[in-house]
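**Q** Submitted below is the structure of interest, expressed as structure tokens.
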Amino acid sequence: MTDDGKARGIQSPPIAMDAKMKEIMTGYYIEAKTAADSGKQVAWITSGGPVEPLIAMDIIPVYPENHGAMIGASKMGGALCEQAEAMGYSGDLCSYARSDIASSVTNGGPIGGLPRPDMLVACNNICGTVMKWYEVLARYFDVPLFIFDTPMCHTDYHEESKRYVKQQVLEYVSFLEQVTGKKLDYDRMDHVGKLSLEGQRYWQAVLDTAAFRPSPLTAFDGFYHLALIVTLRGTQVAVDYYRDLLTEMKDRVAKGIGAVPNERYRLLWDNLPIWYRLKWLSNKFAAHDAALVADTYNTAWCRSLRYIEDEHFLDSMAEGYTRMYLNIGVDQMADTIIEMAEKYSVDGLVMHSNRSCKPYSFGQYDIQRMVRERLDIPCLLIESHMVDERSFSEAQTETRIDAFMELIRNRVEHERHA
Amino acid sequence: MNELDHFLEAADQPERYGAGIKAGGTPVLGYLCSYAPEEIIHAAGVHPLRLFGTLESTIQADSHLQAYCCSLARGVLESALDGTLAFLDGAVFPHTCDTIQRLSDIWRLNTHFDFFADVVHPVRLDSGFAREYLEDILQRFKCELEAWSGSKIDDAALARSIETFNAARKRLDDLYLMRSRDPDCISGSRVSSIVKASMILNRDELPGRLSRLLEEIKAGSYRTGGTDDKKRLLVAGSLCDHPDFYSMVENSGGVVVWDDLCTGSRAFDGFIDPTGDHLKAIARRYFERRPCPSKHLSNTARGEALAAMAEKHKVQGILFFLLKFCDPHAFDYPYLKEYLEAKNIPVTLIEVEDSLPPEGQLATRLETFIYTL
Ligand code: SF4
Ligand code: SF4
């Protein structure tokens, strides 16, 4: 939950499901914050972590990264990051981690902090940062930490990794059983697994509608509607929500409603959103008649679909969670971007060089080169720390976007006339 | 030429030394951190050379890595791209931090050496499954080396390598112990160059060289004098490739008597059992040696290890040497400071970009800290 349509500065008819999202997320956070009253346990888990067993065991999953996004969107990241720096954390560290660590201690941020965890689950399929960050949390809250270690697949997913991760799936289940004092109900687990995949399929289908011209939604809308696939993956609520959102998107397509009123240019976004400048960026591109129709972040939560089997979720999730977007080589990331650029017919690539996220950002220069060689489209690089607004230079970014759009305009118009 | 000069020369010009080995007919593989299984490389008849990178300008690396990348990764990439490392047959990338993880991809896609391998170590050191996994990974690496070199790495060769590395590590430990007892026996900057050189020099000759060097030190050839009233310090961090740093500490009233650096004691910590299954034994050492912050043994393992080291070597203060943009170490610093200070071991932070902070500034920092001890 980051903002609503209005905050994204949207001029087209707003997406009706925006309100529903707000309602669900508010309910979710109220439930999480009152977990103690209802006798439920809370686990803090990383965004790419295997959440399904938690859901199956009635543990409420809470995502510091989603919280980080809210902090960023409410422009409270700078102050929290500054507090973390005062605690000794270098200003070069991930701003999700910095703001979360500070908010854990001060209960700061837009919702007065997250509910205290009973356990922590960190999966390093997105970065090594989360392991260090969760060690900090484990010391602070003095609760058990489970590290789900998914070896990096630079070029391949090897047999030995497969074995190792599968062993950890069982270890993870017994960790949860130990902390909760309950047994996992395997039938329930199967059901949750199916719901997770169903939700992911609908979410992918929603994102797929952006292939139409004009696109019924932009990546900015995606960043907002993404919240449920992260936080409530594996629940009926998420399935129903994305099914309805898909219906709405199809309807917009049928009626020719575009998210950007006069969509003329289509762009692909790479890396995390700049949470405190969503509206500004969205308006900026829309003013150039450009729609960000695809991105590598929203789709990251559907990537495992190709590896996980409906009937054997627990068994096949090892592979799905290990071959996440950030846990593969730079060349495979470039292939993914090129594939998406073609699928969504984009005219240019906008890369967010995110000082917060080294595994997402190092390699972008090479990806840019590969994309240029194979597709011949212009690329723009914008630098920031995704939730630390102190790091952002608006004037410089604006000039660069204008120049980039000028280039795109010339090229596209030239091609269309030719 | 006395023994010390061999070490100083190699530490000063690692690439020149590596090129010499290659010219002598031995293949050379560069490696990135202390988790690279040097013993297996050596058993394949290949020379393992630790890469330190350049501290000079990094024009070519800058077009692959953003400004917010640590100087080690940037410097190593620059030497690969600018031809300094042209003599290498290839490189080995153990999995450590997010930066090295991506450097591995960038290296694989932009350099043209004959051999390349990722050794994707487990991050967890707290699980039996991780041990089995690491054994499998080492087996895979051994097969990759064999396929490349065209010859089998037999047990006898592995056993010889293990003996060689054990012997060298034992002597480096002896050197550190000797200096901890008697910091005047040789200067800190020389010790740092000796450990660095031990990752560069011909490993078959290394134990012998270190023994002779220890004799020279015992004979008093390198005595410095004047550290009696100096405060005993420990340096902790990733790497410190700045020999001058140690003399500055000495000029400021301190003396570094031990370290927890990946280019220091972490590189020679731990012993490999020469009996039984060799790969298993090599894997075991990685689980038993002091952990680097990119590995997880427990939430407080590093604090405990540092406190024990400080006690053992009667350390009065710790200098936390942090390379800018080094995430794993930066995450550990606040807790280590709190943890150690609760045990009455003061800690101060020295943040280093590619070069040391300006001399005056650094001296003031060091003097102020040392004065309070
Ligand atoms: S933003 Fe990057 S570094 Fe930070 S938690 Fe996410 S993946 Fe890790
Ligand atoms: S551990 Fe730190 S110093 Fe070493 S490569 Fe990684 S970021 Fe650089």
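Quick note on naming: the chains in the structure tokens go A, B, ... in the order shown, residues restart at 1 in each chain, and ligands are numbered from 1 in order of appearance.
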Residues contacting ligand 2 - anything with an atom at most 7 Å away, using only C-alpha atoms and all ligand atoms - can you give me those as an mmCIF file with N, CA, C and O atoms, in the first residue's frame?
**A**
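Saved the output as selection36.cif:
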```cif
data_model
loop_
_atom_site.group_PDB
_atom_site.id
_atom_site.type_symbol
_atom_site.label_atom_id
_atom_site.label_comp_id
_atom_site.auth_asym_id
_atom_site.auth_seq_id
_atom_site.Cartn_x
_atom_site.Cartn_y
_atom_site.Cartn_z
ATOM 1 N N CYS B 70 32.311 -0.664 -3.951
ATOM 2 C CA CYS B 70 33.543 -0.594 -3.158
ATOM 3 C C CYS B 70 34.790 -0.590 -4.051
ATOM 4 O O CYS B 70 34.770 -1.081 -5.180
ATOM 5 N N SER B 71 35.865 -0.041 -3.532
ATOM 6 C CA SER B 71 37.065 0.129 -4.349
ATOM 7 C C SER B 71 37.751 -1.197 -4.655
ATOM 8 O O SER B 71 38.469 -1.311 -5.635
ATOM 9 N N LEU B 72 37.511 -2.213 -3.857
ATOM 10 C CA LEU B 72 38.132 -3.507 -4.153
ATOM 11 C C LEU B 72 37.564 -4.078 -5.454
ATOM 12 O O LEU B 72 38.296 -4.408 -6.383
ATOM 13 N N ALA B 73 36.243 -4.171 -5.523
ATOM 14 C CA ALA B 73 35.604 -4.733 -6.710
ATOM 15 C C ALA B 73 35.971 -3.904 -7.947
ATOM 16 O O ALA B 73 36.318 -4.440 -9.001
ATOM 17 N N THR B 96 30.360 -14.234 -1.877
ATOM 18 C CA THR B 96 30.437 -13.521 -0.607
ATOM 19 C C THR B 96 29.335 -12.481 -0.548
ATOM 20 O O THR B 96 28.218 -12.806 -0.212
ATOM 21 N N CYS B 97 29.649 -11.250 -0.935
ATOM 22 C CA CYS B 97 28.669 -10.168 -0.788
ATOM 23 C C CYS B 97 27.927 -9.916 -2.100
ATOM 24 O O CYS B 97 28.259 -10.473 -3.136
ATOM 25 N N ASP B 98 26.932 -9.041 -2.056
ATOM 26 C CA ASP B 98 26.158 -8.690 -3.246
ATOM 27 C C ASP B 98 27.044 -8.101 -4.340
ATOM 28 O O ASP B 98 26.786 -8.275 -5.530
ATOM 29 N N THR B 99 28.078 -7.392 -3.932
ATOM 30 C CA THR B 99 28.948 -6.740 -4.907
ATOM 31 C C THR B 99 29.778 -7.764 -5.677
ATOM 32 O O THR B 99 29.834 -7.736 -6.909
ATOM 33 N N ILE B 100 30.397 -8.685 -4.952
ATOM 34 C CA ILE B 100 31.200 -9.713 -5.627
ATOM 35 C C ILE B 100 30.305 -10.592 -6.504
ATOM 36 O O ILE B 100 30.689 -11.031 -7.582
ATOM 37 N N SER B 238 37.174 -5.604 6.419
ATOM 38 C CA SER B 238 37.283 -6.493 5.265
ATOM 39 C C SER B 238 38.742 -6.632 4.876
ATOM 40 O O SER B 238 39.384 -7.621 5.161
ATOM 41 N N LEU B 239 39.286 -5.617 4.241
ATOM 42 C CA LEU B 239 40.692 -5.729 3.927
ATOM 43 C C LEU B 239 41.367 -4.391 4.107
ATOM 44 O O LEU B 239 40.730 -3.348 4.059
ATOM 45 N N LEU B 323 35.713 -0.283 4.610
ATOM 46 C CA LEU B 323 35.838 0.179 3.243
ATOM 47 C C LEU B 323 34.491 0.770 2.829
ATOM 48 O O LEU B 323 33.456 0.127 3.010
ATOM 49 N N PHE B 325 31.158 1.645 1.109
ATOM 50 C CA PHE B 325 30.232 0.839 0.309
ATOM 51 C C PHE B 325 30.325 -0.658 0.587
ATOM 52 O O PHE B 325 29.807 -1.463 -0.176
ATOM 53 N N CYS B 326 31.016 -1.036 1.655
ATOM 54 C CA CYS B 326 31.079 -2.456 1.995
ATOM 55 C C CYS B 326 29.919 -2.783 2.944
ATOM 56 O O CYS B 326 29.989 -2.535 4.143
ATOM 57 N N ASP B 327 28.837 -3.332 2.378
ATOM 58 C CA ASP B 327 27.610 -3.542 3.151
ATOM 59 C C ASP B 327 27.748 -4.539 4.308
ATOM 60 O O ASP B 327 27.297 -4.242 5.416
ATOM 61 N N PRO B 328 28.310 -5.728 4.067
ATOM 62 C CA PRO B 328 28.311 -6.696 5.178
ATOM 63 C C PRO B 328 29.002 -6.145 6.425
ATOM 64 O O PRO B 328 28.508 -6.334 7.538
ATOM 65 N N HIS B 329 30.095 -5.459 6.244
ATOM 66 C CA HIS B 329 30.800 -4.921 7.406
ATOM 67 C C HIS B 329 30.071 -3.723 7.997
ATOM 68 O O HIS B 329 30.027 -3.553 9.210
#
```
**Q** Please identify all polymer residues within 10 Å of range 72-89 of chain A, counting only C-alpha atoms, omitting same-chain residues fewer than 2 positions from it, and present them as a PyMOL selection string.
**A** (chain A and resi 1-3+7+66-70+91-103+105-106+108-110+273-279+385-391) or (chain B and resi 327+330-335+337+349)
**Q** For the residues in the current selection, export C-alpha atoms as a PDB file, in the first residue's frame.
**A**
```pdb
ATOM      1  CA  MET A   1       0.000   0.000   0.000  1.00  0.00           C
ATOM      2  CA  THR A   2       1.701   3.134  -1.121  1.00  0.00           C
ATOM      3  CA  ASP A   3      -0.738   5.761  -2.260  1.00  0.00           C
ATOM      4  CA  ALA A   7      -1.588  10.651  -5.437  1.00  0.00           C
ATOM      5  CA  ASN A  66       6.232  -3.229   2.066  1.00  0.00           C
ATOM      6  CA  HIS A  67       6.425  -1.063   5.160  1.00  0.00           C
ATOM      7  CA  GLY A  68       9.525   0.540   3.645  1.00  0.00           C
ATOM      8  CA  ALA A  69       7.550   1.360   0.516  1.00  0.00           C
ATOM      9  CA  MET A  70       4.882   3.068   2.653  1.00  0.00           C
ATOM     10  CA  GLY A  91      24.177   6.058   4.735  1.00  0.00           C
ATOM     11  CA  ASP A  92      25.298   3.783   1.892  1.00  0.00           C
ATOM     12  CA  LEU A  93      23.201   0.858   3.127  1.00  0.00           C
ATOM     13  CA  CYS A  94      19.838  -0.164   1.648  1.00  0.00           C
ATOM     14  CA  SER A  95      17.276   2.470   2.627  1.00  0.00           C
ATOM     15  CA  TYR A  96      14.590  -0.175   3.300  1.00  0.00           C
ATOM     16  CA  ALA A  97      16.889  -1.670   5.902  1.00  0.00           C
ATOM     17  CA  ARG A  98      17.868   1.687   7.371  1.00  0.00           C
ATOM     18  CA  SER A  99      14.322   2.993   7.658  1.00  0.00           C
ATOM     19  CA  ASP A 100      13.034  -0.294   9.032  1.00  0.00           C
ATOM     20  CA  ILE A 101      15.745  -0.569  11.670  1.00  0.00           C
ATOM     21  CA  ALA A 102      15.066   2.985  12.805  1.00  0.00           C
ATOM     22  CA  SER A 103      11.312   2.478  12.834  1.00  0.00           C
ATOM     23  CA  VAL A 105      13.354   1.208  17.576  1.00  0.00           C
ATOM     24  CA  THR A 106      11.225   4.375  17.424  1.00  0.00           C
ATOM     25  CA  GLY A 108       8.112   5.792  13.569  1.00  0.00           C
ATOM     26  CA  GLY A 109       6.636   5.852  10.069  1.00  0.00           C
ATOM     27  CA  PRO A 110       3.096   6.310   8.713  1.00  0.00           C
ATOM     28  CA  PRO A 273      10.239   2.349  -7.698  1.00  0.00           C
ATOM     29  CA  ILE A 274      11.421   5.679  -6.326  1.00  0.00           C
ATOM     30  CA  TRP A 275       8.663   5.613  -3.741  1.00  0.00           C
ATOM     31  CA  TYR A 276       8.724   9.278  -2.761  1.00  0.00           C
ATOM     32  CA  ARG A 277       8.525  10.486  -6.380  1.00  0.00           C
ATOM     33  CA  LEU A 278       5.911   8.179  -7.882  1.00  0.00           C
ATOM     34  CA  LYS A 279       3.422  10.921  -8.588  1.00  0.00           C
ATOM     35  CA  HIS A 385      18.033   5.723  -2.916  1.00  0.00           C
ATOM     36  CA  MET A 386      14.477   4.360  -3.245  1.00  0.00           C
ATOM     37  CA  VAL A 387      13.081   5.556   0.099  1.00  0.00           C
ATOM     38  CA  ASP A 388      15.634   8.155   1.157  1.00  0.00           C
ATOM     39  CA  GLU A 389      14.364  11.313  -0.501  1.00  0.00           C
ATOM     40  CA  ARG A 390      17.429  13.257   0.573  1.00  0.00           C
ATOM     41  CA  SER A 391      19.374  11.518  -2.194  1.00  0.00           C
TER      42      SER A 391
ATOM     43  CA  ASP B 327      27.610  -3.542   3.151  1.00  0.00           C
ATOM     44  CA  ALA B 330      28.787  -1.707   7.627  1.00  0.00           C
ATOM     45  CA  PHE B 331      25.794  -3.676   8.934  1.00  0.00           C
ATOM     46  CA  ASP B 332      27.918  -5.262  11.657  1.00  0.00           C
ATOM     47  CA  TYR B 333      29.632  -2.126  12.891  1.00  0.00           C
ATOM     48  CA  PRO B 334      26.922  -0.643  15.188  1.00  0.00           C
ATOM     49  CA  TYR B 335      26.323  -3.903  17.021  1.00  0.00           C
ATOM     50  CA  LYS B 337      30.698  -1.405  18.763  1.00  0.00           C
ATOM     51  CA  LEU B 349      35.427   3.622  13.043  1.00  0.00           C
TER      52      LEU B 349
END
```
**Q** Which residues form the shell of 6 Å around ligand 1 when you count only C-alpha atoms and all ligand atoms, given as a list in words?
**A** Cys94, Tyr96, Ile126, Cys127, Thr129, Val130, Ser356 and Cys357 of chain A
**Q** For N, CA, C and O atoms, I'd like the residues from the last selection saved as a JSON list (two decimals), in the first residue's frame.
**A**
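selection_5.json written:
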```json
[["chain", "number", "residue", "atom", "x", "y", "z"],
["A", 94, "CYS", "N", 21.20, -0.10, 2.19],
["A", 94, "CYS", "CA", 19.84, -0.16, 1.65],
["A", 94, "CYS", "C", 18.89, 0.69, 2.50],
["A", 94, "CYS", "O", 18.85, 0.56, 3.72],
["A", 96, "TYR", "N", 15.64, 0.62, 2.65],
["A", 96, "TYR", "CA", 14.59, -0.18, 3.30],
["A", 96, "TYR", "C", 15.11, -0.62, 4.67],
["A", 96, "TYR", "O", 14.42, -0.51, 5.68],
["A", 126, "ILE", "N", 16.97, -12.46, -2.85],
["A", 126, "ILE", "CA", 16.99, -11.11, -3.43],
["A", 126, "ILE", "C", 18.31, -10.40, -3.17],
["A", 126, "ILE", "O", 18.77, -9.61, -3.96],
["A", 127, "CYS", "N", 18.94, -10.69, -2.05],
["A", 127, "CYS", "CA", 20.21, -10.02, -1.73],
["A", 127, "CYS", "C", 20.81, -10.61, -0.46],
["A", 127, "CYS", "O", 20.13, -11.32, 0.29],
["A", 129, "THR", "N", 21.94, -8.48, 1.70],
["A", 129, "THR", "CA", 21.57, -7.42, 2.64],
["A", 129, "THR", "C", 20.53, -7.91, 3.65],
["A", 129, "THR", "O", 20.63, -7.63, 4.83],
["A", 130, "VAL", "N", 19.53, -8.67, 3.16],
["A", 130, "VAL", "CA", 18.46, -9.07, 4.08],
["A", 130, "VAL", "C", 18.98, -9.94, 5.23],
["A", 130, "VAL", "O", 18.46, -9.88, 6.34],
["A", 356, "SER", "N", 20.42, 1.99, -3.13],
["A", 356, "SER", "CA", 20.01, 1.11, -2.04],
["A", 356, "SER", "C", 20.22, -0.35, -2.38],
["A", 356, "SER", "O", 20.34, -1.17, -1.49],
["A", 357, "CYS", "N", 20.17, -0.66, -3.65],
["A", 357, "CYS", "CA", 20.09, -2.07, -4.02],
["A", 357, "CYS", "C", 21.19, -2.46, -4.99],
["A", 357, "CYS", "O", 21.03, -2.38, -6.21]]
```
**Q** List every residue of chain B that has an atom at most 9 Å from any atom of chain A, and for each one report the closest atom pair and its distance in Å to one decimal, counting only C-alpha atoms, with rows sorted by chain and then by increasing residue number, as a tab-separated table.
**A**
```
residue	atom	partner	partner_atom	distance
B:Ser63	CA	A:Tyr365	CA	6.8
B:His64	CA	A:Tyr365	CA	5.4
B:Leu65	CA	A:Phe362	CA	5.9
B:Gln66	CA	A:Phe362	CA	6.8
B:Tyr68	CA	A:Arg355	CA	6.6
B:Cys69	CA	A:Lys358	CA	8.0
B:His95	CA	A:Met152	CA	8.2
B:Thr96	CA	A:Gly128	CA	8.4
B:Cys97	CA	A:Gly128	CA	6.2
B:Asp98	CA	A:Pro359	CA	5.5
B:Thr99	CA	A:Lys358	CA	6.5
B:Gln101	CA	A:Pro359	CA	7.6
B:Arg102	CA	A:Phe362	CA	6.1
B:Leu103	CA	A:Phe362	CA	7.8
B:Ser104	CA	A:His154	CA	8.4
B:Asp105	CA	A:Val330	CA	5.9
B:Ile106	CA	A:Gly363	CA	6.4
B:Leu109	CA	A:Asp331	CA	7.8
B:Asn110	CA	A:Asp366	CA	8.9
B:Asp118	CA	A:His154	CA	7.8
B:Val120	CA	A:Pro151	CA	6.4
B:His121	CA	A:Pro151	CA	7.5
B:Pro122	CA	A:Pro151	CA	6.6
B:Val123	CA	A:Asp149	CA	6.4
B:Arg124	CA	A:Asp149	CA	6.8
B:Phe129	CA	A:Tyr164	CA	6.3
B:Ala130	CA	A:Tyr164	CA	6.9
B:Glu132	CA	A:Tyr164	CA	8.0
B:Tyr133	CA	A:Tyr164	CA	5.9
B:Leu134	CA	A:Glu160	CA	8.8
B:Asp136	CA	A:Glu160	CA	6.2
B:Ile137	CA	A:Glu160	CA	7.1
B:Pro293	CA	A:Lys132	CA	8.0
B:Ser294	CA	A:Gly128	CA	7.2
B:Lys295	CA	A:Met131	CA	8.7
B:His296	CA	A:Met131	CA	7.9
B:Ser298	CA	A:Glu135	CA	8.4
B:Asn299	CA	A:Glu135	CA	5.6
B:Thr300	CA	A:Arg139	CA	8.0
B:Lys324	CA	A:Asp92	CA	8.0
B:Phe325	CA	A:Asp92	CA	6.0
B:Cys326	CA	A:Asp92	CA	8.5
B:Asp327	CA	A:Leu93	CA	6.2
B:Pro328	CA	A:Lys132	CA	6.7
B:Ala330	CA	A:Ser90	CA	6.2
B:Phe331	CA	A:Lys132	CA	6.2
B:Asp332	CA	A:Lys132	CA	7.5
B:Tyr333	CA	A:Gly88	CA	7.3
B:Pro334	CA	A:Gly88	CA	5.1
B:Tyr335	CA	A:Val136	CA	7.8
```
**Q** How would the residues just picked look written out with N, CA and C atoms as a tab-separated table (two decimals), in the first residue's frame?
**A**
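Ended up saving to part33.tsv:
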```tsv
chain	number	residue	atom	x	y	z
B	63	SER	N	32.79	2.14	-16.36
B	63	SER	CA	31.70	2.01	-17.30
B	63	SER	C	30.94	0.68	-17.09
B	64	HIS	N	31.32	-0.04	-16.03
B	64	HIS	CA	30.56	-1.25	-15.69
B	64	HIS	C	29.98	-1.20	-14.29
B	65	LEU	N	30.57	-0.38	-13.43
B	65	LEU	CA	30.14	-0.34	-12.04
B	65	LEU	C	29.83	1.10	-11.64
B	66	GLN	N	28.69	1.29	-11.00
B	66	GLN	CA	28.31	2.62	-10.55
B	66	GLN	C	29.27	3.13	-9.48
B	68	TYR	N	28.78	3.85	-6.54
B	68	TYR	CA	28.57	3.37	-5.17
B	68	TYR	C	29.02	1.93	-4.97
B	69	CYS	N	30.10	1.56	-5.64
B	69	CYS	CA	30.66	0.21	-5.50
B	69	CYS	C	31.99	0.31	-4.79
B	95	HIS	N	31.26	-17.11	-3.55
B	95	HIS	CA	30.13	-16.25	-3.23
B	95	HIS	C	30.35	-15.58	-1.88
B	96	THR	N	30.36	-14.23	-1.88
B	96	THR	CA	30.44	-13.52	-0.61
B	96	THR	C	29.33	-12.48	-0.55
B	97	CYS	N	29.65	-11.25	-0.93
B	97	CYS	CA	28.67	-10.17	-0.79
B	97	CYS	C	27.93	-9.92	-2.10
B	98	ASP	N	26.93	-9.04	-2.06
B	98	ASP	CA	26.16	-8.69	-3.25
B	98	ASP	C	27.04	-8.10	-4.34
B	99	THR	N	28.08	-7.39	-3.93
B	99	THR	CA	28.95	-6.74	-4.91
B	99	THR	C	29.78	-7.76	-5.68
B	101	GLN	N	29.09	-10.81	-6.03
B	101	GLN	CA	28.14	-11.61	-6.79
B	101	GLN	C	27.91	-11.00	-8.18
B	102	ARG	N	27.75	-9.70	-8.23
B	102	ARG	CA	27.53	-9.06	-9.54
B	102	ARG	C	28.85	-8.87	-10.29
B	103	LEU	N	29.94	-8.66	-9.54
B	103	LEU	CA	31.24	-8.53	-10.20
B	103	LEU	C	31.53	-9.81	-10.98
B	104	SER	N	31.15	-10.94	-10.41
B	104	SER	CA	31.36	-12.21	-11.08
B	104	SER	C	30.68	-12.22	-12.46
B	105	ASP	N	29.42	-11.78	-12.51
B	105	ASP	CA	28.72	-11.73	-13.80
B	105	ASP	C	29.42	-10.77	-14.76
B	106	ILE	N	29.79	-9.62	-14.25
B	106	ILE	CA	30.38	-8.60	-15.11
B	106	ILE	C	31.73	-9.10	-15.65
B	109	LEU	N	31.17	-11.74	-18.35
B	109	LEU	CA	30.66	-11.22	-19.62
B	109	LEU	C	31.64	-10.30	-20.34
B	110	ASN	N	32.64	-9.81	-19.63
B	110	ASN	CA	33.50	-8.80	-20.26
B	110	ASN	C	34.97	-9.14	-20.36
B	118	ASP	N	32.39	-19.94	-10.66
B	118	ASP	CA	31.76	-19.43	-9.44
B	118	ASP	C	31.78	-20.57	-8.44
B	120	VAL	N	29.75	-21.19	-5.38
B	120	VAL	CA	28.64	-20.57	-4.65
B	120	VAL	C	28.49	-21.21	-3.26
B	121	HIS	N	29.33	-20.73	-2.36
B	121	HIS	CA	29.32	-21.20	-0.98
B	121	HIS	C	27.94	-21.01	-0.35
B	122	PRO	N	27.62	-21.83	0.65
B	122	PRO	CA	26.40	-21.54	1.41
B	122	PRO	C	26.63	-20.27	2.23
B	123	VAL	N	25.55	-19.62	2.58
B	123	VAL	CA	25.63	-18.43	3.42
B	123	VAL	C	25.50	-18.85	4.88
B	124	ARG	N	24.81	-19.98	5.08
B	124	ARG	CA	24.61	-20.46	6.45
B	124	ARG	C	25.77	-21.35	6.89
B	129	PHE	N	23.10	-29.38	6.65
B	129	PHE	CA	22.80	-29.44	5.22
B	129	PHE	C	23.76	-28.54	4.44
B	130	ALA	N	24.09	-27.41	5.04
B	130	ALA	CA	25.00	-26.48	4.36
B	130	ALA	C	26.37	-27.12	4.20
B	132	GLU	N	26.99	-30.36	3.82
B	132	GLU	CA	26.91	-31.32	2.70
B	132	GLU	C	26.92	-30.56	1.39
B	133	TYR	N	26.18	-29.47	1.36
B	133	TYR	CA	26.11	-28.67	0.14
B	133	TYR	C	27.50	-28.15	-0.23
B	134	LEU	N	28.23	-27.66	0.75
B	134	LEU	CA	29.56	-27.13	0.44
B	134	LEU	C	30.48	-28.24	-0.09
B	136	ASP	N	29.57	-30.74	-1.81
B	136	ASP	CA	29.16	-30.95	-3.21
B	136	ASP	C	29.70	-29.86	-4.12
B	137	ILE	N	29.69	-28.63	-3.60
B	137	ILE	CA	30.15	-27.50	-4.39
B	137	ILE	C	31.66	-27.62	-4.66
B	293	PRO	N	31.52	-11.52	7.76
B	293	PRO	CA	30.16	-11.05	7.99
B	293	PRO	C	29.17	-11.44	6.90
B	294	SER	N	29.65	-11.92	5.76
B	294	SER	CA	28.67	-12.32	4.75
B	294	SER	C	28.20	-13.76	4.98
B	295	LYS	N	28.65	-14.36	6.07
B	295	LYS	CA	28.16	-15.71	6.42
B	295	LYS	C	27.42	-15.63	7.74
B	296	HIS	N	26.51	-16.57	7.93
B	296	HIS	CA	25.73	-16.56	9.17
B	296	HIS	C	26.02	-17.80	10.02
B	298	SER	N	25.81	-17.35	13.79
B	298	SER	CA	24.77	-17.02	14.77
B	298	SER	C	24.66	-15.51	14.76
B	299	ASN	N	23.73	-14.98	15.54
B	299	ASN	CA	23.53	-13.53	15.50
B	299	ASN	C	24.65	-12.75	16.16
B	300	THR	N	25.43	-13.42	16.99
B	300	THR	CA	26.46	-12.70	17.73
B	300	THR	C	27.85	-13.32	17.56
B	324	LYS	N	34.50	1.97	2.28
B	324	LYS	CA	33.23	2.60	1.91
B	324	LYS	C	32.47	1.71	0.92
B	325	PHE	N	31.16	1.64	1.11
B	325	PHE	CA	30.23	0.84	0.31
B	325	PHE	C	30.32	-0.66	0.59
B	326	CYS	N	31.02	-1.04	1.65
B	326	CYS	CA	31.08	-2.46	2.00
B	326	CYS	C	29.92	-2.78	2.94
B	327	ASP	N	28.84	-3.33	2.38
B	327	ASP	CA	27.61	-3.54	3.15
B	327	ASP	C	27.75	-4.54	4.31
B	328	PRO	N	28.31	-5.73	4.07
B	328	PRO	CA	28.31	-6.70	5.18
B	328	PRO	C	29.00	-6.14	6.43
B	330	ALA	N	29.50	-2.89	7.13
B	330	ALA	CA	28.79	-1.71	7.63
B	330	ALA	C	27.59	-2.11	8.48
B	331	PHE	N	26.92	-3.21	8.13
B	331	PHE	CA	25.79	-3.68	8.93
B	331	PHE	C	26.25	-4.15	10.31
B	332	ASP	N	27.44	-4.71	10.39
B	332	ASP	CA	27.92	-5.26	11.66
B	332	ASP	C	28.47	-4.20	12.61
B	333	TYR	N	28.92	-3.08	12.05
B	333	TYR	CA	29.63	-2.13	12.89
B	333	TYR	C	28.86	-1.65	14.13
B	334	PRO	N	27.58	-1.19	13.99
B	334	PRO	CA	26.92	-0.64	15.19
B	334	PRO	C	26.81	-1.67	16.31
B	335	TYR	N	26.49	-2.91	15.95
B	335	TYR	CA	26.32	-3.90	17.02
B	335	TYR	C	27.67	-4.29	17.60
```
**Q** Under the rule that only C-alpha atoms are counted, which of B:Gly83, B:Gly237, B:Gly53, B:Pro37 is the nearest residue to Ser161 in chain B?
**A** B:Pro37
**Q** Residues near Asp82 in chain B, anyone? I mean within 12 Å using only C-alpha atoms, not counting same-chain ones fewer than 5 positions away, as an MDAnalysis selection string.
**A** chainID B and resid 53:54 56:62 75:77 87 110:111
**Q** Please, which residues of range 317-351 of chain A, numbered as in this document, come out strand (DSSP E or B) from DSSP, as a list in words?
**A** Ile328, Gly348, Leu349, Val350 and Met351 of chain A
**Q** I'd like the neighbourhood of Val192 in chain A as a ChimeraX atom specification, where a residue qualifies if any of its atoms comes within 9 Å (using only C-alpha atoms), though same-chain residues fewer than 2 positions away should be ignored.
**A** /A:52-53,55-56,187-190,194-197,233-236,313
**Q** When you look at range 3-18 of chain B with a cut-off of 9 Å (counting only C-alpha atoms), what residues show up, excluding the ones that are within fewer than 3 positions of it in the same chain? I need them as a PyMOL selection string.
**A** chain B and resi 21-23+28+47+49-52+84-85+87-88+190+193-201+209-210+212-213+216
**Q** Rounded to one decimal, what separation in Å do you get between CA of Val350 in chain A and CA of Asp251 in chain A?
**A** 28.3 Å
**Q** What does the distance between CA of Thr46 in chain A and CA of Glu65 in chain A come to in Å, to one decimal place?
**A**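 Distance reported for this atom pair: 6.9 Å.
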**Q** Hey, can you check how far CA of Asn107 in chain A sits from CA of Ser47 in chain A?
**A**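 It comes out at 20.7 Å.
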**Q** Name the residues of range 43-119 of chain B that fall into helix (DSSP H, G or I) according to DSSP on the backbone, using the chain letters and numbers of this document, as number ranges by chain.
**A** B: 43, 61-63, 71-81, 98-110
